[in-house]
>>> print(open('run10.csv').read())   # CSV, C-alpha atoms and all ligand atoms
chain,number,residue,atom,x,y,z
A,1,MET,CA,10.1,-9.5,-7.3
A,2,ASN,CA,10.8,-13.0,-8.5
A,3,THR,CA,9.9,-12.5,-12.1
A,4,PHE,CA,11.9,-9.3,-12.0
A,5,GLU,CA,14.9,-11.0,-10.7
A,6,ILE,CA,14.5,-13.8,-13.2
A,7,ASN,CA,14.3,-11.2,-15.9
A,8,LYS,CA,17.5,-9.6,-14.6
A,9,ILE,CA,19.2,-13.0,-14.5
A,10,VAL,CA,18.0,-13.9,-18.0
A,11,GLY,CA,19.1,-10.5,-19.2
A,12,ALA,CA,22.4,-10.9,-17.6
A,13,GLY,CA,22.7,-14.3,-19.2
A,14,LEU,CA,22.0,-12.9,-22.6
A,15,THR,CA,24.6,-10.2,-22.1
A,16,ALA,CA,27.0,-12.9,-21.1
A,17,LEU,CA,26.4,-14.9,-24.2
A,18,LEU,CA,26.9,-11.8,-26.3
A,19,SER,CA,30.1,-11.1,-24.5
A,20,LEU,CA,31.2,-14.6,-25.3
A,21,PHE,CA,30.8,-14.0,-29.0
A,22,VAL,CA,32.8,-10.8,-28.5
A,23,ILE,CA,35.4,-12.7,-26.6
A,24,GLY,CA,35.9,-15.0,-29.6
A,25,TYR,CA,36.8,-12.0,-31.8
A,26,ILE,CA,38.5,-9.6,-29.5
A,27,GLY,CA,40.4,-11.8,-27.2
A,28,ASN,CA,40.8,-12.2,-23.5
A,29,ALA,CA,42.2,-8.9,-22.4
A,30,LEU,CA,39.1,-6.9,-23.2
A,31,VAL,CA,36.8,-9.6,-22.0
A,32,SER,CA,37.9,-9.6,-18.4
A,33,SER,CA,37.0,-6.0,-17.9
A,34,ASP,CA,33.8,-6.1,-20.0
A,35,ASP,CA,32.6,-9.3,-18.3
A,36,GLY,CA,33.1,-7.9,-14.9
A,37,ALA,CA,31.2,-4.8,-15.6
A,38,HIS,CA,28.1,-6.2,-17.4
A,39,ALA,CA,27.5,-9.8,-16.4
A,40,PRO,CA,28.6,-10.4,-12.9
A,41,ASP,CA,25.7,-12.9,-12.3
A,42,ALA,CA,25.7,-14.6,-15.6
A,43,GLY,CA,25.6,-18.0,-14.3
A,44,HIS,CA,29.3,-18.8,-14.1
A,45,GLY,CA,28.8,-19.9,-10.6
A,46,ALA,CA,28.5,-18.2,-7.3
A,47,PRO,CA,32.1,-17.4,-6.5
A,48,ALA,CA,32.5,-15.3,-9.7
A,49,VAL,CA,29.3,-13.4,-8.8
A,50,GLU,CA,30.5,-12.5,-5.4
A,51,ALA,CA,33.9,-11.5,-6.5
A,52,ALA,CA,32.8,-9.4,-9.4
A,53,ALA,CA,29.6,-7.8,-8.1
A,54,PRO,CA,30.4,-4.1,-8.4
A,55,GLU,CA,27.7,-2.7,-6.3
A,56,LYS,CA,26.2,-4.7,-3.5
A,57,GLU,CA,22.5,-5.2,-3.7
A,58,GLU,CA,20.7,-3.4,-1.0
A,59,PRO,CA,18.6,-5.7,1.1
A,60,VAL,CA,14.9,-4.8,0.8
A,61,ALA,CA,12.1,-5.8,3.1
A,62,PRO,CA,9.7,-8.2,1.5
A,63,LEU,CA,6.7,-6.6,-0.2
A,64,ALA,CA,4.3,-8.1,2.3
A,65,VAL,CA,6.1,-6.3,5.1
A,66,LEU,CA,6.3,-3.0,3.2
A,67,LEU,CA,2.6,-3.2,2.5
A,68,ALA,CA,1.8,-3.9,6.1
A,69,GLU,CA,3.8,-0.9,7.1
A,70,GLY,CA,2.8,1.2,4.1
A,71,ASP,CA,0.7,4.4,4.2
A,72,MET,CA,-2.1,4.6,1.6
A,73,ALA,CA,-2.5,8.3,2.1
A,74,ALA,CA,1.1,8.7,1.2
A,75,GLY,CA,0.4,6.5,-1.8
A,76,GLU,CA,-2.3,8.7,-3.0
A,77,LYS,CA,0.2,11.5,-3.0
A,78,VAL,CA,2.7,9.4,-5.0
A,79,PHE,CA,-0.1,8.9,-7.5
A,80,LYS,CA,0.1,12.5,-8.4
A,81,LYS,CA,3.0,11.4,-10.6
A,82,CYS,CA,0.7,9.1,-12.4
A,83,ALA,CA,-2.3,11.4,-12.6
A,84,ALA,CA,-0.9,13.3,-15.6
A,85,CYS,CA,-1.6,10.2,-17.6
A,86,HIS,CA,-4.0,8.1,-15.6
A,87,THR,CA,-7.4,8.6,-13.9
A,88,ALA,CA,-8.2,6.5,-10.9
A,89,GLU,CA,-11.9,6.8,-10.3
A,90,GLN,CA,-14.4,4.2,-11.5
A,91,GLY,CA,-15.4,4.9,-15.1
A,92,GLY,CA,-12.7,7.5,-15.4
A,93,ALA,CA,-11.5,8.5,-18.8
A,94,ASN,CA,-8.5,7.1,-20.5
A,95,LYS,CA,-5.9,9.8,-20.9
A,96,VAL,CA,-2.4,9.2,-22.2
A,97,GLY,CA,-2.6,6.0,-20.2
A,98,PRO,CA,-5.6,3.8,-19.4
A,99,ASN,CA,-8.0,4.4,-16.4
A,100,LEU,CA,-6.7,2.4,-13.4
A,101,TRP,CA,-9.8,1.7,-11.4
A,102,GLY,CA,-9.7,-2.0,-10.5
A,103,ILE,CA,-6.2,-2.5,-11.9
A,104,VAL,CA,-5.1,-4.8,-9.1
A,105,GLY,CA,-6.4,-8.3,-10.0
A,106,HIS,CA,-7.2,-7.5,-13.6
A,107,ALA,CA,-5.5,-8.7,-16.7
A,108,PRO,CA,-3.0,-6.3,-18.3
A,109,ALA,CA,-4.3,-4.3,-21.3
A,110,SER,CA,-7.9,-4.9,-20.5
A,111,VAL,CA,-9.3,-1.4,-20.3
A,112,ALA,CA,-11.9,-0.9,-23.1
A,113,GLY,CA,-11.2,1.8,-25.6
A,114,PHE,CA,-7.5,2.2,-24.8
A,115,ALA,CA,-5.0,1.5,-27.5
A,116,TYR,CA,-2.2,-0.4,-25.8
A,117,SER,CA,1.2,-1.2,-27.2
A,118,ASP,CA,1.8,-4.6,-28.6
A,119,ALA,CA,4.1,-5.2,-25.7
A,120,MET,CA,1.4,-4.6,-23.1
A,121,SER,CA,-1.3,-6.4,-25.0
A,122,GLY,CA,1.0,-9.4,-25.2
A,123,LYS,CA,2.0,-9.4,-21.6
A,124,GLY,CA,-0.7,-11.8,-20.3
A,125,GLY,CA,-1.2,-12.9,-16.7
A,126,THR,CA,-2.8,-10.7,-14.1
A,127,TRP,CA,-1.8,-7.5,-12.4
A,128,THR,CA,-1.1,-8.6,-8.9
A,129,LEU,CA,0.4,-6.5,-6.2
A,130,GLU,CA,3.7,-8.3,-6.9
A,131,SER,CA,3.7,-7.9,-10.6
A,132,LEU,CA,2.7,-4.2,-10.4
A,133,ASN,CA,5.4,-3.7,-7.9
A,134,GLU,CA,7.9,-5.0,-10.5
A,135,PHE,CA,6.4,-3.0,-13.3
A,136,LEU,CA,6.3,0.2,-11.4
A,137,ALA,CA,9.9,-0.1,-10.4
A,138,ASP,CA,11.0,-0.2,-14.0
A,139,PRO,CA,8.3,-0.1,-16.6
A,140,LYS,CA,10.4,-0.4,-19.6
A,141,GLY,CA,12.7,-3.0,-18.1
A,142,VAL,CA,9.8,-5.2,-17.1
A,143,VAL,CA,7.6,-4.7,-20.2
A,144,PRO,CA,10.1,-3.9,-22.9
A,145,GLY,CA,8.3,-1.9,-25.6
A,146,THR,CA,5.6,-0.5,-23.3
A,147,LYS,CA,4.5,3.0,-24.3
A,148,MET,CA,4.3,4.1,-20.7
A,149,SER,CA,6.9,6.8,-20.6
A,150,PHE,CA,7.7,6.8,-17.0
A,151,ALA,CA,11.0,6.1,-15.4
A,152,GLY,CA,9.5,4.2,-12.5
A,153,ILE,CA,9.3,4.6,-8.7
A,154,LYS,CA,12.7,3.5,-7.3
A,155,LYS,CA,12.0,3.5,-3.6
A,156,PRO,CA,10.4,0.2,-2.5
A,157,ASP,CA,8.5,1.8,0.4
A,158,GLN,CA,7.0,4.5,-1.9
A,159,ARG,CA,5.9,1.7,-4.3
A,160,ALA,CA,4.3,-0.1,-1.4
A,161,ASP,CA,2.4,3.1,-0.4
A,162,LEU,CA,1.3,3.5,-4.0
A,163,LEU,CA,0.2,-0.1,-4.3
A,164,LEU,CA,-1.9,0.3,-1.2
A,165,TYR,CA,-3.6,3.2,-3.0
A,166,LEU,CA,-4.0,1.3,-6.3
A,167,ARG,CA,-5.4,-1.6,-4.4
A,168,SER,CA,-8.0,0.7,-2.8
A,169,LEU,CA,-9.3,1.5,-6.3
A,170,SER,CA,-11.8,-1.3,-6.2
A,171,ALA,CA,-15.1,-2.3,-4.8
A,172,SER,CA,-13.5,-5.4,-3.4
A,173,PRO,CA,-9.8,-4.9,-2.9
A,174,VAL,CA,-7.6,-8.0,-3.0
A,175,PRO,CA,-6.4,-9.3,0.3
A,176,LEU,CA,-3.0,-8.1,1.4
A,177,PRO,CA,-0.3,-10.8,1.7
A,178,GLU,CA,0.4,-11.8,5.3
A,179,PRO,CA,3.9,-11.0,6.3
A,180,THR,CA,5.5,-14.2,7.5
A,181,VAL,CA,7.3,-14.1,10.9
A,182,GLU,CA,10.6,-14.4,9.1
A,183,ALA,CA,9.7,-11.6,6.7
A,184,SER,CA,8.7,-9.3,9.5
A,185,GLU,CA,12.1,-9.8,11.2
A,186,ALA,CA,14.0,-8.7,8.2
A,187,PRO,CA,12.9,-5.1,7.9
A,188,LYS,CA,13.6,-4.3,11.5
A,189,VAL,CA,17.3,-4.4,10.6
A,190,GLU,CA,17.1,-3.0,7.1
A,191,ALA,CA,14.2,-0.7,6.5
A,192,ALA,CA,13.9,0.5,10.1
A,193,SER,CA,15.7,3.6,9.2
A,194,GLU,CA,12.7,5.6,8.0
A,195,LYS,CA,9.1,5.0,8.7
A,196,PRO,CA,8.9,2.4,11.5
A,197,ALA,CA,11.3,4.4,13.6
A,198,GLU,CA,9.3,7.5,13.1
A,199,GLU,CA,6.1,5.8,13.9
A,200,GLU,CA,7.4,4.2,17.0
A,201,ALA,CA,8.8,7.5,18.2
A,202,ALA,CA,5.5,9.2,17.5
A,203,ALA,CA,3.6,6.5,19.2
A,204,SER,CA,5.6,6.5,22.3
A,205,GLU,CA,5.7,10.2,22.6
A,206,GLU,CA,2.1,10.9,21.9
A,207,LYS,CA,0.4,8.1,23.7
A,208,PRO,CA,-0.8,9.3,27.0
A,209,ALA,CA,0.8,7.2,29.7
A,210,ASP,CA,-2.4,6.3,31.3
A,211,GLU,CA,-3.8,4.8,28.2
A,212,ALA,CA,-3.2,1.1,28.8
A,213,LYS,CA,-2.9,-0.8,25.6
A,214,GLY,CA,-5.8,-2.9,24.7
A,215,GLU,CA,-8.1,-2.3,27.6
A,216,PRO,CA,-11.0,0.1,27.1
A,217,GLU,CA,-11.1,1.9,30.4
A,218,PRO,CA,-14.4,2.8,31.8
A,219,ALA,CA,-13.1,6.0,33.2
A,220,LYS,CA,-12.0,7.2,29.8
A,221,ALA,CA,-15.4,6.2,28.3
A,222,GLU,CA,-17.1,8.6,30.8
A,223,GLU,CA,-14.7,11.3,30.0
A,224,THR,CA,-15.6,11.0,26.4
A,225,GLN,CA,-19.3,11.1,27.0
A,226,THR,CA,-19.0,14.4,28.8
A,227,ALA,CA,-16.9,15.8,26.0
A,228,ALA,CA,-19.2,14.2,23.4
A,229,ALA,CA,-20.6,17.5,22.1
A,230,GLY,CA,-18.1,17.2,19.3
A,231,ASP,CA,-18.0,19.5,16.3
A,232,ALA,CA,-19.1,17.6,13.2
A,233,ALA,CA,-17.7,20.1,10.8
A,234,ALA,CA,-14.3,19.8,12.4
A,235,GLY,CA,-14.8,16.1,12.4
A,236,GLU,CA,-15.4,16.1,8.7
A,237,LYS,CA,-11.9,17.5,8.2
A,238,VAL,CA,-10.5,14.8,10.5
A,239,PHE,CA,-12.3,12.2,8.4
A,240,ARG,CA,-10.0,13.1,5.5
A,241,LYS,CA,-7.5,10.8,7.2
A,242,CYS,CA,-10.0,8.0,6.9
A,243,LYS,CA,-11.2,8.6,3.4
A,244,ALA,CA,-8.5,6.7,1.7
A,245,CYS,CA,-10.0,3.6,3.2
A,246,HIS,CA,-13.5,4.4,4.1
A,247,THR,CA,-16.6,5.8,2.5
A,248,VAL,CA,-19.3,7.1,4.8
A,249,ASP,CA,-22.3,7.8,2.5
A,250,GLN,CA,-25.3,5.5,2.6
A,251,GLY,CA,-24.7,2.5,0.4
A,252,GLY,CA,-21.1,3.7,-0.2
A,253,ALA,CA,-18.6,1.1,-1.4
A,254,ASN,CA,-16.3,-0.8,0.8
A,255,ARG,CA,-12.8,0.3,0.1
A,256,VAL,CA,-9.8,-1.0,2.0
A,257,GLY,CA,-12.0,-0.6,5.0
A,258,PRO,CA,-15.7,-1.0,5.3
A,259,ASN,CA,-18.3,1.6,4.5
A,260,LEU,CA,-19.0,3.5,7.8
A,261,TYR,CA,-22.5,4.8,7.2
A,262,GLY,CA,-24.4,4.8,10.5
A,263,ILE,CA,-21.4,3.3,12.3
A,264,VAL,CA,-22.3,4.9,15.7
A,265,GLY,CA,-24.8,2.3,17.1
A,266,ARG,CA,-24.2,-0.1,14.2
A,267,ALA,CA,-23.3,-3.7,14.9
A,268,LYS,CA,-19.6,-4.2,14.8
A,269,ALA,CA,-18.2,-5.8,11.7
A,270,SER,CA,-21.5,-5.7,9.9
A,271,ALA,CA,-20.9,-3.8,6.6
A,272,PRO,CA,-22.4,-6.1,3.9
A,273,ASP,CA,-19.8,-7.9,1.7
A,274,TYR,CA,-16.9,-6.6,3.7
A,275,SER,CA,-14.3,-9.2,4.7
A,276,TYR,CA,-13.3,-8.3,8.3
A,277,SER,CA,-10.3,-9.6,10.2
A,278,PRO,CA,-11.2,-12.4,12.6
A,279,ALA,CA,-10.3,-10.0,15.4
A,280,MET,CA,-12.9,-7.5,14.3
A,281,ALA,CA,-15.5,-10.1,13.3
A,282,GLY,CA,-15.2,-11.7,16.7
A,283,LEU,CA,-16.0,-8.5,18.7
A,284,GLY,CA,-19.8,-8.7,18.9
A,285,GLY,CA,-22.1,-5.9,20.1
A,286,THR,CA,-22.6,-2.5,18.6
A,287,TRP,CA,-20.3,0.5,18.4
A,288,THR,CA,-20.9,2.9,21.2
A,289,GLU,CA,-19.2,6.3,21.1
A,290,ALA,CA,-17.0,5.3,24.0
A,291,GLU,CA,-15.8,2.1,22.2
A,292,LEU,CA,-15.3,4.0,18.9
A,293,ASP,CA,-13.2,6.5,20.9
A,294,THR,CA,-11.0,3.7,22.3
A,295,TYR,CA,-10.7,2.0,19.0
A,296,LEU,CA,-9.8,5.2,17.1
A,297,ALA,CA,-7.2,6.2,19.8
A,298,ASP,CA,-5.2,3.1,19.2
A,299,PRO,CA,-6.8,0.6,16.7
A,300,LYS,CA,-4.3,-2.2,17.1
A,301,GLY,CA,-4.1,-1.7,20.9
A,302,ALA,CA,-7.9,-1.8,21.3
A,303,VAL,CA,-8.5,-4.6,18.9
A,304,PRO,CA,-5.3,-6.6,18.6
A,305,GLY,CA,-5.3,-8.3,15.2
A,306,THR,CA,-7.4,-5.7,13.4
A,307,LYS,CA,-6.4,-5.1,9.9
A,308,MET,CA,-7.0,-1.4,10.0
A,309,SER,CA,-3.5,0.0,9.3
A,310,PHE,CA,-4.0,3.3,11.0
A,311,PRO,CA,-1.9,4.5,13.8
A,312,GLY,CA,-4.8,6.1,15.6
A,313,LEU,CA,-6.0,9.6,16.4
A,314,LYS,CA,-4.0,10.7,19.4
A,315,LYS,CA,-5.9,13.9,20.1
A,316,GLU,CA,-9.1,13.4,22.0
A,317,ALA,CA,-10.7,16.4,20.3
A,318,ASP,CA,-10.1,14.8,16.9
A,319,ARG,CA,-11.7,11.6,18.0
A,320,VAL,CA,-14.7,13.4,19.6
A,321,ASN,CA,-15.2,15.5,16.5
A,322,VAL,CA,-14.8,12.6,14.0
A,323,ILE,CA,-17.3,10.6,16.0
A,324,ALA,CA,-19.7,13.5,15.9
A,325,TYR,CA,-19.3,13.7,12.2
A,326,LEU,CA,-19.8,9.9,11.8
A,327,LYS,CA,-23.0,10.3,13.9
A,328,SER,CA,-24.3,13.2,11.9
A,329,VAL,CA,-23.8,11.4,8.6
A,330,GLY,CA,-25.6,8.3,9.8
A,331,GLN,CA,-28.8,10.1,10.8
A,401,LIG,C1,3.7,9.9,-19.2
A,401,LIG,C2,2.4,9.2,-19.0
A,401,LIG,C3,2.3,8.1,-17.9
A,401,LIG,C4,2.7,8.2,-16.6
A,401,LIG,C5,3.3,9.4,-15.9
A,401,LIG,C6,2.3,7.0,-16.0
A,401,LIG,N1,1.8,6.1,-16.9
A,401,LIG,FE1,1.1,4.3,-16.6
A,401,LIG,N2,0.7,4.0,-18.6
A,401,LIG,C7,0.9,5.0,-19.5
A,401,LIG,C8,0.6,4.4,-20.8
A,401,LIG,C9,0.7,5.2,-22.2
A,401,LIG,C10,0.2,3.1,-20.6
A,401,LIG,C11,-0.1,2.0,-21.6
A,401,LIG,C12,1.2,1.2,-21.8
A,401,LIG,C13,1.2,0.3,-23.0
A,401,LIG,O1,0.2,0.1,-23.7
A,401,LIG,O2,2.3,-0.2,-23.3
A,401,LIG,C14,0.3,2.9,-19.2
A,401,LIG,C15,0.0,1.7,-18.5
A,401,LIG,C16,0.0,1.5,-17.2
A,401,LIG,C17,-0.5,0.3,-16.5
A,401,LIG,C18,-1.0,-1.0,-17.2
A,401,LIG,C19,-2.5,-0.7,-17.4
A,401,LIG,C20,-3.2,-1.9,-18.0
A,401,LIG,O3,-4.4,-1.7,-18.3
A,401,LIG,O4,-2.7,-3.0,-18.1
A,401,LIG,C21,-0.4,0.5,-15.2
A,401,LIG,C22,-0.7,-0.4,-14.1
A,401,LIG,C23,0.1,1.8,-15.0
A,401,LIG,N3,0.3,2.4,-16.2
A,401,LIG,C24,0.4,2.4,-13.8
A,401,LIG,C25,1.0,3.7,-13.6
A,401,LIG,C26,1.3,4.3,-12.4
A,401,LIG,C27,0.9,3.7,-11.0
A,401,LIG,C28,1.9,5.4,-12.6
A,401,LIG,C29,2.6,6.4,-11.6
A,401,LIG,C30,3.6,5.8,-10.7
A,401,LIG,C31,2.0,5.6,-14.0
A,401,LIG,N4,1.4,4.5,-14.6
A,401,LIG,C32,2.5,6.7,-14.7
A,401,LIG,C33,1.3,6.3,-19.3
A,401,LIG,C34,1.8,6.8,-18.1
A,402,LIG,C1,-5.3,2.4,5.9
A,402,LIG,C2,-6.8,2.2,5.8
A,402,LIG,C3,-7.6,2.7,6.9
A,402,LIG,C4,-7.7,4.0,7.4
A,402,LIG,C5,-6.8,5.2,7.0
A,402,LIG,C6,-8.7,4.0,8.4
A,402,LIG,N1,-9.3,2.8,8.4
A,402,LIG,FE1,-10.9,2.2,9.6
A,402,LIG,N2,-10.8,0.3,8.9
A,402,LIG,C7,-9.8,-0.1,8.0
A,402,LIG,C8,-10.0,-1.5,7.9
A,402,LIG,C9,-9.1,-2.4,6.9
A,402,LIG,C10,-11.0,-1.9,8.8
A,402,LIG,C11,-11.5,-3.3,9.0
A,402,LIG,C12,-10.8,-3.8,10.3
A,402,LIG,C13,-10.8,-5.2,10.5
A,402,LIG,O1,-11.6,-6.0,9.9
A,402,LIG,O2,-10.1,-5.6,11.4
A,402,LIG,C14,-11.5,-0.7,9.4
A,402,LIG,C15,-12.5,-0.7,10.4
A,402,LIG,C16,-13.0,0.4,10.9
A,402,LIG,C17,-14.1,0.5,11.8
A,402,LIG,C18,-14.9,-0.7,12.2
A,402,LIG,C19,-16.0,-0.8,11.2
A,402,LIG,C20,-17.1,-1.9,11.4
A,402,LIG,O3,-17.8,-2.1,10.5
A,402,LIG,O4,-17.1,-2.5,12.5
A,402,LIG,C21,-14.3,1.8,12.1
A,402,LIG,C22,-15.3,2.4,13.0
A,402,LIG,C23,-13.2,2.5,11.5
A,402,LIG,N3,-12.5,1.7,10.7
A,402,LIG,C24,-13.1,3.9,11.5
A,402,LIG,C25,-12.1,4.6,11.0
A,402,LIG,C26,-11.9,6.1,11.1
A,402,LIG,C27,-12.9,7.0,11.8
A,402,LIG,C28,-10.8,6.4,10.5
A,402,LIG,C29,-10.1,7.8,10.4
A,402,LIG,C30,-9.8,8.4,11.6
A,402,LIG,C31,-10.2,5.2,9.9
A,402,LIG,N4,-11.0,4.1,10.2
A,402,LIG,C32,-9.1,5.1,9.1
A,402,LIG,C33,-8.9,0.7,7.3
A,402,LIG,C34,-8.7,2.0,7.5
>>> encode(input="run10.csv", output="structure tokens", more="lines below")
Ligand code: HEC
Ligand code: HEC
Amino acid sequence: MNTFEINKIVGAGLTALLSLFVIGYIGNALVSSDDGAHAPDAGHGAPAVEAAAPEKEEPVAPLAVLLAEGDMAAGEKVFKKCAACHTAEQGGANKVGPNLWGIVGHAPASVAGFAYSDAMSGKGGTWTLESLNEFLADPKGVVPGTKMSFAGIKKPDQRADLLLYLRSLSASPVPLPEPTVEASEAPKVEAASEKPAEEEAAASEEKPADEAKGEPEPAKAEETQTAAAGDAAAGEKVFRKCKACHTVDQGGANRVGPNLYGIVGRAKASAPDYSYSPAMAGLGGTWTEAELDTYLADPKGAVPGTKMSFPGLKKEADRVNVIAYLKSVGQ
């Protein structure tokens, strides 16, 4: 966001300089209107900016917060807009645009066999979540001369969803930025309109009243065991909700979440090379079906501090079935 803003300011500055030349020739009358329209923040000092700014800039939640609240599955859908030109899978072909596996954390213009524009080849640096966020908001504005003919994704929350998806296209996804306390205050006011409100509503409606937050209840565990003859085929369908973040095949890659092969009965937080949250890493013991059920019903309630950004499976049947599926895969 910073570079983008700097670009905007520099751009505005240049426009202002140009305007100054024009001023010399055309005179003051024209200038005052021209200047007001095109270069409100040209560096003539704050008061002018405030007075002249024609459209107020909408406050946007910081990227870290948008990412924390983002929805990777939604991002995978947003990626359909990109799929005409980009493949996402490892080793995928270059199409009109380069393959995007591993894009987050890599240098721009580094996919072998793709003929980049000079603009992209000369960009330098690294594609971080932040720089991709800027680029995807306005490709031609951020990399003038790029041959990516795409208008950009204007909605910050959609970009965050998309970034979560792009980030998952890697064997070792980069860590997500931690929203600061300050940052997480901000969106409550601004961005609360859409997703969080919805989520909160859903959570408070669907969560059974007896399901105390954070405490695995023995009674419930028993209940699950009686119901444990889940339907693995139905569970495989439920697992589609998990697939954006988890593989389940033996030796499958860690994505945003760890590989889940053999998770029922497996030691907690034990997927090789996966970097767990301290909360998950500190659990100890093995995953029983009952504990999986509790965790999947309300991940953040059952394991406060878990970095699994998933609201939970509210329907018991879904949980029982997905656990049956996970069990069937691991045997
Ligand atoms: C109409 C085709 C098209 C669409 C749609 C498109 N792109 Fe691109 N994209 C390109 C091309 C062509 C390039 C190469 C740009 C260059 O060399 O200047 C590119 C480059 C990129 C790069 C830089 C890759 C690198 O190796 O440095 C990223 C990241 C990217 N696109 C992401 C996206 C995402 C995400 C979307 C969807 C929101 C998208 N693109 C939509 C054609 C497209
Ligand atoms: C948005 C990404 C995401 C989705 C969707 C998701 N998970 Fe996770 N999952 C994670 C992350 C990240 C972790 C690691 C949690 C931690 O370290 O705190 C995790 C951890 C887990 C663990 C603990 C693994 C271990 O090795 O101890 C289980 C079990 C699990 N997820 C199951 C599921 C199931 C089942 C679903 C679908 C119903 C699902 N997850 C959906 C991201 C996700």
>>> residues_around(input="run10.csv", residues="Trp101 in chain A", least_positions_apart="4", cutoff="9 Å", atoms="all atoms listed in the file", output="ChimeraX atom specification")
/A:87-92,166-170
>>> write_last_selection(input="run10.csv", atoms="C-alpha atoms", output="PDB file, keeping the file's coordinate frame")
ATOM      1  CA  THR A  87      -7.400   8.600 -13.900  1.00  0.00           C
ATOM      2  CA  ALA A  88      -8.200   6.500 -10.900  1.00  0.00           C
ATOM      3  CA  GLU A  89     -11.900   6.800 -10.300  1.00  0.00           C
ATOM      4  CA  GLN A  90     -14.400   4.200 -11.500  1.00  0.00           C
ATOM      5  CA  GLY A  91     -15.400   4.900 -15.100  1.00  0.00           C
ATOM      6  CA  GLY A  92     -12.700   7.500 -15.400  1.00  0.00           C
ATOM      7  CA  LEU A 166      -4.000   1.300  -6.300  1.00  0.00           C
ATOM      8  CA  ARG A 167      -5.400  -1.600  -4.400  1.00  0.00           C
ATOM      9  CA  SER A 168      -8.000   0.700  -2.800  1.00  0.00           C
ATOM     10  CA  LEU A 169      -9.300   1.500  -6.300  1.00  0.00           C
ATOM     11  CA  SER A 170     -11.800  -1.300  -6.200  1.00  0.00           C
TER      12      SER A 170
END
>>> atom_distance(input="run10.csv", atom1="CA of Lys314 in chain A", atom2="CA of Ala297 in chain A")
5.5 Å
>>> residues_near_point(input="run10.csv", point="(-24.5, 12.0, 12.6)", cutoff="10 Å", atoms="all atoms listed in the file", output="number ranges by chain")
A: 232, 261-264, 322-331
>>> residues_near_ligand(input="run10.csv", ligand="ligand LIG 401 (chain A)", cutoff="6 Å", atoms="all atoms listed in the file", output="ChimeraX atom specification")
/A:79,81-82,84-85,96-98,108-111,116-117,119-120,146-150
>>> residues_near_ligand(input="run10.csv", ligand="ligand LIG 402 (chain A)", cutoff="6 Å", atoms="all atoms listed in the file", output="MDAnalysis selection string")
chainID A and resid 72 239 241:242 244:245 256:258 268:271 276:277 279:280 306:310
>>> atom_distance(input="run10.csv", atom1="CA of Glu178 in chain A", atom2="CA of Glu69 in chain A")
11.6 Å
>>> atom_distance(input="run10.csv", atom1="CA of Gly124 in chain A", atom2="CA of Gly152 in chain A")
20.5 Å
>>> closest_residue(input="run10.csv", among="A:His106, A:Gly305, A:Ser172, A:Gly145", to="Asp118 in chain A", atoms="only C-alpha atoms")
A:Gly145
>>> closest_residue(input="run10.csv", among="A:Ala74, A:Leu63, A:Leu296, A:Ala68", to="Tyr165 in chain A", atoms="all atoms listed in the file")
A:Ala74
>>> residues_around(input="run10.csv", residues="Trp127 in chain A", least_positions_apart="6", cutoff="10 Å", atoms="all atoms listed in the file", output="PDB file with C-alpha atoms, keeping the file's coordinate frame")
ATOM      1  CA  GLY A 102      -9.700  -2.000 -10.500  1.00  0.00           C
ATOM      2  CA  ILE A 103      -6.200  -2.500 -11.900  1.00  0.00           C
ATOM      3  CA  VAL A 104      -5.100  -4.800  -9.100  1.00  0.00           C
ATOM      4  CA  GLY A 105      -6.400  -8.300 -10.000  1.00  0.00           C
ATOM      5  CA  HIS A 106      -7.200  -7.500 -13.600  1.00  0.00           C
ATOM      6  CA  ALA A 107      -5.500  -8.700 -16.700  1.00  0.00           C
ATOM      7  CA  PRO A 108      -3.000  -6.300 -18.300  1.00  0.00           C
ATOM      8  CA  ALA A 109      -4.300  -4.300 -21.300  1.00  0.00           C
ATOM      9  CA  ASN A 133       5.400  -3.700  -7.900  1.00  0.00           C
ATOM     10  CA  PHE A 135       6.400  -3.000 -13.300  1.00  0.00           C
TER      11      PHE A 135
END
>>> closest_residue(input="run10.csv", among="A:Val238, A:Leu313, A:Ala233, A:Ala171", to="Ser275 in chain A", atoms="all atoms listed in the file")
A:Ala171
>>> closest_residue(input="run10.csv", among="A:Ala234, A:Ala160, A:Asp298, A:Ala115", to="Ala137 in chain A", atoms="all atoms listed in the file")
A:Ala160
>>> residues_around(input="run10.csv", residues="Pro156 in chain A", least_positions_apart="4", cutoff="12 Å", atoms="only C-alpha atoms", output="PyMOL selection string")
chain A and resi 1+58-67+69-70+75+130+132-138+152+160-163+187+191
